[in-house]
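run-v6.pdb follows (PDB, C-alpha atoms):
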ATOM      1  CA  MET N 685      99.937 -58.771-128.409
ATOM      2  CA  GLU N 686     102.851 -59.536-126.169
ATOM      3  CA  ILE N 687     101.889 -60.559-122.639
ATOM      4  CA  TYR N 688     104.317 -60.071-119.755
ATOM      5  CA  ASP N 689     104.119 -61.473-116.227
ATOM      6  CA  VAL N 690     103.419 -59.179-113.270
ATOM      7  CA  SER N 691     106.882 -60.151-111.992
ATOM      8  CA  ASP N 692     108.374 -58.308-114.991
ATOM      9  CA  VAL N 693     110.032 -54.952-114.282
ATOM     10  CA  ARG N 694     107.636 -53.363-116.806
ATOM     11  CA  PHE N 695     104.793 -53.854-114.324
ATOM     12  CA  GLN N 696     106.354 -51.650-111.664
ATOM     13  CA  LYS N 697     104.982 -48.383-113.070
ATOM     14  CA  TYR N 698     101.448 -49.777-112.994
ATOM     15  CA  GLY N 699     101.358 -51.616-109.677
ATOM     16  CA  ARG N 700     102.978 -54.140-107.369
ATOM     17  CA  VAL N 701     102.592 -57.732-106.275
ATOM     18  CA  ILE N 702     101.245 -57.985-102.698
ATOM     19  CA  ASP N 703     103.033 -60.610-100.640
ATOM     20  CA  GLN N 704     102.404 -59.515 -97.029
ATOM     21  CA  VAL N 705      98.799 -60.783 -96.833
ATOM     22  CA  ASP N 706      97.594 -64.407 -97.016
ATOM     23  CA  PHE N 707      94.756 -64.343 -99.562
ATOM     24  CA  SER N 708      94.211 -68.133 -99.596
ATOM     25  CA  GLY N 709      90.884 -67.939 -97.736
ATOM     26  CA  LEU N 710      89.625 -65.366-100.224
ATOM     27  CA  THR N 711      90.690 -67.335-103.300
ATOM     28  CA  GLU N 712      89.019 -70.456-101.891
ATOM     29  CA  ALA N 713      85.746 -68.613-101.228
ATOM     30  CA  MET N 714      85.890 -67.050-104.697
ATOM     31  CA  LYS N 715      85.640 -70.493-106.290
ATOM     32  CA  GLU N 716      81.925 -70.423-105.428
ATOM     33  CA  THR N 717      81.303 -67.297-107.547
ATOM     34  CA  PRO N 718      79.815 -67.673-111.053
ATOM     35  CA  VAL N 719      81.795 -67.605-114.308
ATOM     36  CA  PRO N 720      79.410 -66.494-117.083
ATOM     37  CA  GLU N 721      80.015 -66.524-120.829
ATOM     38  CA  GLY N 722      80.270 -62.739-120.738
ATOM     39  CA  VAL N 723      81.596 -60.671-117.826
ATOM     40  CA  VAL N 724      79.956 -60.137-114.436
ATOM     41  CA  TYR N 725      81.067 -57.537-111.893
ATOM     42  CA  GLU N 726      79.798 -57.356-108.310
ATOM     43  CA  PRO N 727      81.213 -54.414-106.313
ATOM     44  CA  CYS N 728      80.655 -56.044-102.934
ATOM     45  CA  GLU N 729      79.837 -59.618-101.907
ATOM     46  CA  GLU N 730      78.728 -60.222 -98.316
ATOM     47  CA  LYS N 731      80.298 -63.687 -98.067
ATOM     48  CA  LEU N 732      83.683 -62.284 -99.089
ATOM     49  CA  MET N 733      83.382 -59.344 -96.709
ATOM     50  CA  ALA N 734      82.726 -61.782 -93.852
ATOM     51  CA  LEU N 735      86.086 -63.524 -94.311
ATOM     52  CA  PRO N 736      88.737 -62.931 -91.601
ATOM     53  CA  VAL N 737      91.164 -61.578 -94.220
ATOM     54  CA  ALA N 738      88.855 -58.615 -94.935
ATOM     55  CA  GLU N 739      89.968 -56.801 -91.796
ATOM     56  CA  GLU N 740      93.626 -57.470 -92.594
ATOM     57  CA  ILE N 741      93.235 -56.093 -96.125
ATOM     58  CA  LYS N 742      91.533 -52.994 -94.727
ATOM     59  CA  SER N 743      94.376 -52.415 -92.247
ATOM     60  CA  VAL N 744      97.441 -53.420 -94.259
ATOM     61  CA  CYS N 745      96.487 -52.389 -97.800
ATOM     62  CA  PHE N 746      94.111 -49.443 -97.317
ATOM     63  CA  GLY N 747      95.334 -47.799 -94.108
ATOM     64  CA  GLU N 748      92.076 -48.613 -92.280
ATOM     65  CA  MET N 749      89.800 -47.022 -94.895
ATOM     66  CA  PRO N 750      86.447 -48.795 -95.282
ATOM     67  CA  ILE N 751      86.649 -51.271 -98.162
ATOM     68  CA  GLN N 752      84.466 -53.475-100.320
ATOM     69  CA  ILE N 753      85.389 -56.917-101.659
ATOM     70  CA  GLY N 754      83.654 -57.976-104.847
ATOM     71  CA  TYR N 755      84.593 -59.837-107.977
ATOM     72  CA  CYS N 756      84.888 -59.692-111.756
ATOM     73  CA  ASN N 757      84.472 -63.065-113.480
ATOM     74  CA  GLY N 758      83.773 -64.407-116.935
ATOM     75  CA  HIS N 759      85.144 -64.682-120.435
ATOM     76  CA  ASN N 760      86.762 -61.758-122.221
ATOM     77  CA  GLN N 761      89.679 -61.035-124.545
ATOM     78  CA  LEU N 762      89.071 -57.389-125.507
ATOM     79  CA  LEU N 763      90.012 -54.048-123.936
ATOM     80  CA  ASN N 764      86.667 -52.251-124.694
ATOM     81  CA  ALA N 765      87.370 -49.307-122.335
ATOM     82  CA  VAL N 766      89.716 -47.994-119.675
ATOM     83  CA  GLU N 767      88.868 -46.702-116.231
ATOM     84  CA  TYR N 768      90.723 -45.170-113.320
ATOM     85  CA  HIS N 769      89.959 -44.321-109.704
ATOM     86  CA  ARG N 770      91.221 -41.859-107.103
ATOM     87  CA  SER N 771      92.507 -44.870-105.224
ATOM     88  CA  SER N 772      94.410 -48.091-105.722
ATOM     89  CA  GLU N 773      92.557 -51.277-106.616
ATOM     90  CA  ILE N 774      93.573 -54.750-105.471
ATOM     91  CA  ASN N 775      93.024 -57.692-107.807
ATOM     92  CA  VAL N 776      93.352 -61.220-106.435
ATOM     93  CA  ALA N 777      93.535 -63.820-109.196
ATOM     94  CA  VAL N 778      91.767 -67.092-108.466
ATOM     95  CA  THR N 779      92.587 -68.302-111.975
ATOM     96  CA  ASP N 780      95.258 -67.049-114.333
ATOM     97  CA  ALA N 781      94.087 -63.744-115.806
ATOM     98  CA  ILE N 782      95.391 -60.945-118.024
ATOM     99  CA  LEU N 783      95.187 -57.196-117.362
ATOM    100  CA  ILE N 784      95.671 -54.600-120.106
ATOM    101  CA  LEU N 785      97.207 -51.526-118.484
ATOM    102  CA  GLY N 786      98.180 -47.954-119.336
ATOM    103  CA  LEU N 787      99.089 -44.708-117.579
ATOM    104  CA  GLU N 788      96.688 -41.879-116.759
ATOM    105  CA  THR N 789      99.527 -39.446-117.465
ATOM    106  CA  ASP N 790      99.291 -40.411-121.163
ATOM    107  CA  VAL N 791      95.658 -39.281-121.445
ATOM    108  CA  GLU N 792      95.440 -36.204-123.704
ATOM    109  CA  LYS N 793      94.017 -32.843-122.614
ATOM    110  CA  ASP N 794      90.774 -33.652-124.453
ATOM    111  CA  PHE N 795      90.609 -36.960-122.520
ATOM    112  CA  THR N 796      91.379 -39.117-125.542
ATOM    113  CA  TYR N 797      93.915 -41.905-125.233
ATOM    114  CA  ASP N 798      95.872 -44.009-127.731
ATOM    115  CA  THR N 799      95.531 -47.720-126.981
ATOM    116  CA  SER N 800      98.909 -48.459-128.610
ATOM    117  CA  LYS N 801     100.503 -47.196-125.373
ATOM    118  CA  MET N 802      99.045 -50.094-123.348
ATOM    119  CA  GLU N 803     100.754 -53.276-122.171
ATOM    120  CA  ALA N 804      99.292 -56.640-121.110
ATOM    121  CA  PHE N 805     100.264 -58.562-117.975
ATOM    122  CA  ARG N 806      99.406 -62.066-116.790
ATOM    123  CA  ILE N 807      98.483 -62.495-113.129
ATOM    124  CA  PRO N 808      99.132 -66.112-112.131
ATOM    125  CA  ALA N 809      96.452 -67.861-110.097
ATOM    126  CA  LYS N 810      96.657 -67.169-106.339
ATOM    127  CA  THR N 811      98.549 -63.909-106.946
ATOM    128  CA  ALA N 812      97.389 -60.517-105.630
ATOM    129  CA  VAL N 813      98.371 -57.190-107.169
ATOM    130  CA  GLU N 814      97.800 -53.566-106.281
ATOM    131  CA  ILE N 815      96.862 -51.486-109.329
ATOM    132  CA  TYR N 816      97.839 -47.872-108.662
ATOM    133  CA  ALA N 817      95.337 -45.015-108.901
ATOM    134  CA  THR N 818      97.275 -43.611-111.880
ATOM    135  CA  THR N 819      96.879 -46.853-113.870
ATOM    136  CA  LEU N 820      94.297 -47.234-116.624
ATOM    137  CA  HIS N 821      92.634 -50.653-116.547
ATOM    138  CA  TYR N 822      89.344 -52.410-117.170
ATOM    139  CA  ALA N 823      87.884 -55.918-116.972
ATOM    140  CA  PRO N 824      90.430 -58.775-116.924
ATOM    141  CA  CYS N 825      90.844 -61.132-119.875
ATOM    142  CA  HIS N 826      90.855 -64.917-119.754
ATOM    143  CA  VAL N 827      93.910 -67.088-120.413
ATOM    144  CA  ASN N 828      91.925 -70.155-121.453
ATOM    145  CA  GLN N 829      88.341 -71.092-122.269
ATOM    146  CA  GLU N 830      87.557 -71.895-118.630
ATOM    147  CA  GLY N 831      87.333 -68.143-118.069
ATOM    148  CA  PHE N 832      88.682 -65.968-115.246
ATOM    149  CA  GLN N 833      87.835 -65.267-111.614
ATOM    150  CA  VAL N 834      89.330 -62.183-109.974
ATOM    151  CA  ALA N 835      88.456 -60.702-106.583
ATOM    152  CA  VAL N 836      88.305 -56.882-106.751
ATOM    153  CA  ILE N 837      88.958 -54.802-103.632
ATOM    154  CA  LEU N 838      88.309 -51.050-103.576
ATOM    155  CA  PRO N 839      87.337 -48.287-101.135
ATOM    156  CA  GLU N 840      83.748 -48.635 -99.964
ATOM    157  CA  GLY N 841      81.194 -47.122-102.355
ATOM    158  CA  THR N 842      83.313 -47.347-105.518
ATOM    159  CA  ASN N 843      81.514 -48.277-108.765
ATOM    160  CA  TYR N 844      78.026 -47.666-107.381
ATOM    161  CA  PRO N 845      75.503 -45.398-109.199
ATOM    162  CA  LEU N 846      76.063 -41.650-109.174
ATOM    163  CA  LYS N 847      73.614 -39.385-107.359
ATOM    164  CA  LYS N 848      73.781 -36.463-109.782
ATOM    165  CA  LYS N 849      74.623 -35.636-113.394
ATOM    166  CA  HIS N 850      78.236 -34.979-114.385
ATOM    167  CA  ALA N 851      78.833 -33.303-117.725
ATOM    168  CA  ASP N 852      81.845 -30.985-118.056
ATOM    169  CA  GLY N 853      85.533 -31.699-118.673
ATOM    170  CA  GLU N 854      86.890 -34.697-116.790
ATOM    171  CA  ASP N 855      83.589 -34.755-114.913
ATOM    172  CA  ALA N 856      81.958 -36.089-118.101
ATOM    173  CA  LEU N 857      84.053 -39.252-117.779
ATOM    174  CA  LEU N 858      82.524 -40.109-114.398
ATOM    175  CA  ALA N 859      80.452 -43.251-115.014
ATOM    176  CA  ALA N 860      79.978 -44.364-111.390
ATOM    177  CA  VAL N 861      81.222 -43.375-107.944
ATOM    178  CA  ASN N 862      85.031 -43.070-108.047
ATOM    179  CA  LYS N 863      85.084 -44.405-111.626
ATOM    180  CA  TRP N 864      86.259 -42.326-114.578
ATOM    181  CA  LEU N 865      85.707 -44.160-117.881
ATOM    182  CA  ILE N 866      87.033 -43.723-121.420
ATOM    183  CA  GLY N 867      85.378 -46.080-123.896
ATOM    184  CA  HIS N 868      86.202 -47.475-127.328
ATOM    185  CA  LYS N 869      83.682 -47.076-130.133
ATOM    186  CA  ASP N 870      83.661 -50.859-130.586
ATOM    187  CA  GLY N 871      83.492 -51.593-126.860
ATOM    188  CA  GLY N 872      79.738 -52.100-126.564
ATOM    189  CA  LEU N 873      79.364 -49.561-123.756
ATOM    190  CA  PRO N 874      76.029 -48.083-122.610
ATOM    191  CA  GLU N 875      74.657 -45.071-124.465
ATOM    192  CA  GLY N 876      76.050 -41.842-123.061
ATOM    193  CA  SER N 877      79.471 -43.290-122.195
ATOM    194  CA  PHE N 878      82.423 -41.072-123.052
ATOM    195  CA  ILE N 879      84.119 -42.487-126.165
ATOM    196  CA  GLY N 880      87.740 -41.375-126.302
ATOM    197  CA  LEU N 881      89.960 -44.381-127.012
ATOM    198  CA  LYS N 882      91.918 -44.053-130.251
ATOM    199  CA  GLY N 883      93.431 -46.980-132.116
ATOM    200  CA  LYS N 884      92.561 -50.675-131.894
ATOM    201  CA  ASN N 885      90.222 -52.248-129.415
ATOM    202  CA  LEU N 886      93.059 -54.440-128.131
ATOM    203  CA  ASP N 887      92.634 -58.218-128.225
ATOM    204  CA  VAL N 888      94.899 -60.397-126.051
ATOM    205  CA  SER N 889      94.389 -63.336-128.408
ATOM    206  CA  GLU N 890      96.094 -61.530-131.287
ATOM    207  CA  LYS N 891      99.768 -62.342-131.782
TER     208      LYS N 891
END
Would it be possible to restate this file's structure as structure tokens?
Amino acid sequence: MEIYDVSDVRFQKYGRVIDQVDFSGLTEAMKETPVPEGVVYEPCEEKLMALPVAEEIKSVCFGEMPIQIGYCNGHNQLLNAVEYHRSSEINVAVTDAILILGLETDVEKDFTYDTSKMEAFRIPAKTAVEIYATTLHYAPCHVNQEGFQVAVILPEGTNYPLKKKHADGEDALLAAVNKWLIGHKDGGLPEGSFIGLKGKNLDVSEK
């Protein structure tokens, strides 16, 4: 599939590049996080939260809302699912990485979604982007066999286990706190996940 850069005008409906914060301390600290053969996601990492930039991110990017700084690292080239939040998400690329993105407004009334509507974007290393709340996204994909490392910044509590059962309408998509998920049948998701992606399980390695 064609892969654009986040500097491309096509990216503007999904998010923006953040250039008013110095993320260099964060990217340096992120180099100590593991890069497994699969994908690992940690919602909040104490060592990252202790960095001086954490307070600046909270103030400048989230209007003083409590935040969490975690990471998503590993090796991946497939879409597998899409998720969205009721808030923006900030991704800080330590290595080059690829995001496959779509628009929540294209989700059908029955909460199905056609993956042919999605576009892929490369985030160059040391680049930070805000992914808007209305943007469908999931785990990053790697650019080369060394894998990817991406810091993930969200409002505090996001992606932690739910405290009660959710079962009706859009509520059935809720897979974790502040995380609505639509899976692909070939995505290898846990039993009970809402499967609503139509079309191919997109692969960034396919031309």
Between N:Glu740, N:Asp794, N:Glu726, N:Glu803, which residue has the minimum interatomic distance to Ile782 of chain N, considering all atoms listed in the file?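 Between N:Glu740, N:Asp794, N:Glu726, N:Glu803, the residue approaching Ile782 of chain N most closely is N:Glu803.
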Per residue of segment 720-762 of chain N within 12 Å of segment 808-821 of chain N, which atom pair is closest and at what distance in Å (one decimal), using all atoms listed in the file, listed by chain and increasing number, as a tab-separated table?
residue	atom	partner	partner_atom	distance
N:Ile741	CA	N:Ala812	CA	11.3
N:Cys745	CA	N:Glu814	CA	8.7
N:Phe746	CA	N:Glu814	CA	10.5
N:Leu762	CA	N:His821	CA	11.8
Enumerate, as a ChimeraX atom specification, the residues matched when the PyMOL selection byres ((chain N and resi 775-777) around 10) is run on the file above. /N:701-702,707-708,710-711,714,753-756,772-774,778-783,806-815,824,832-838
Using the chain letters and numbers from the file, which residues does the PyMOL selection byres ((chain N and resi 801) around 9) grab, as a PyMOL selection string? chain N and resi 785-787+790+797-800+802-803
One decimal, Å: what's the distance from atom CA of Gln752 of chain N over to atom CA of Leu732 of chain N, could you say?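 Computed distance, atom CA of Gln752 of chain N to atom CA of Leu732 of chain N, equals 8.9 Å.
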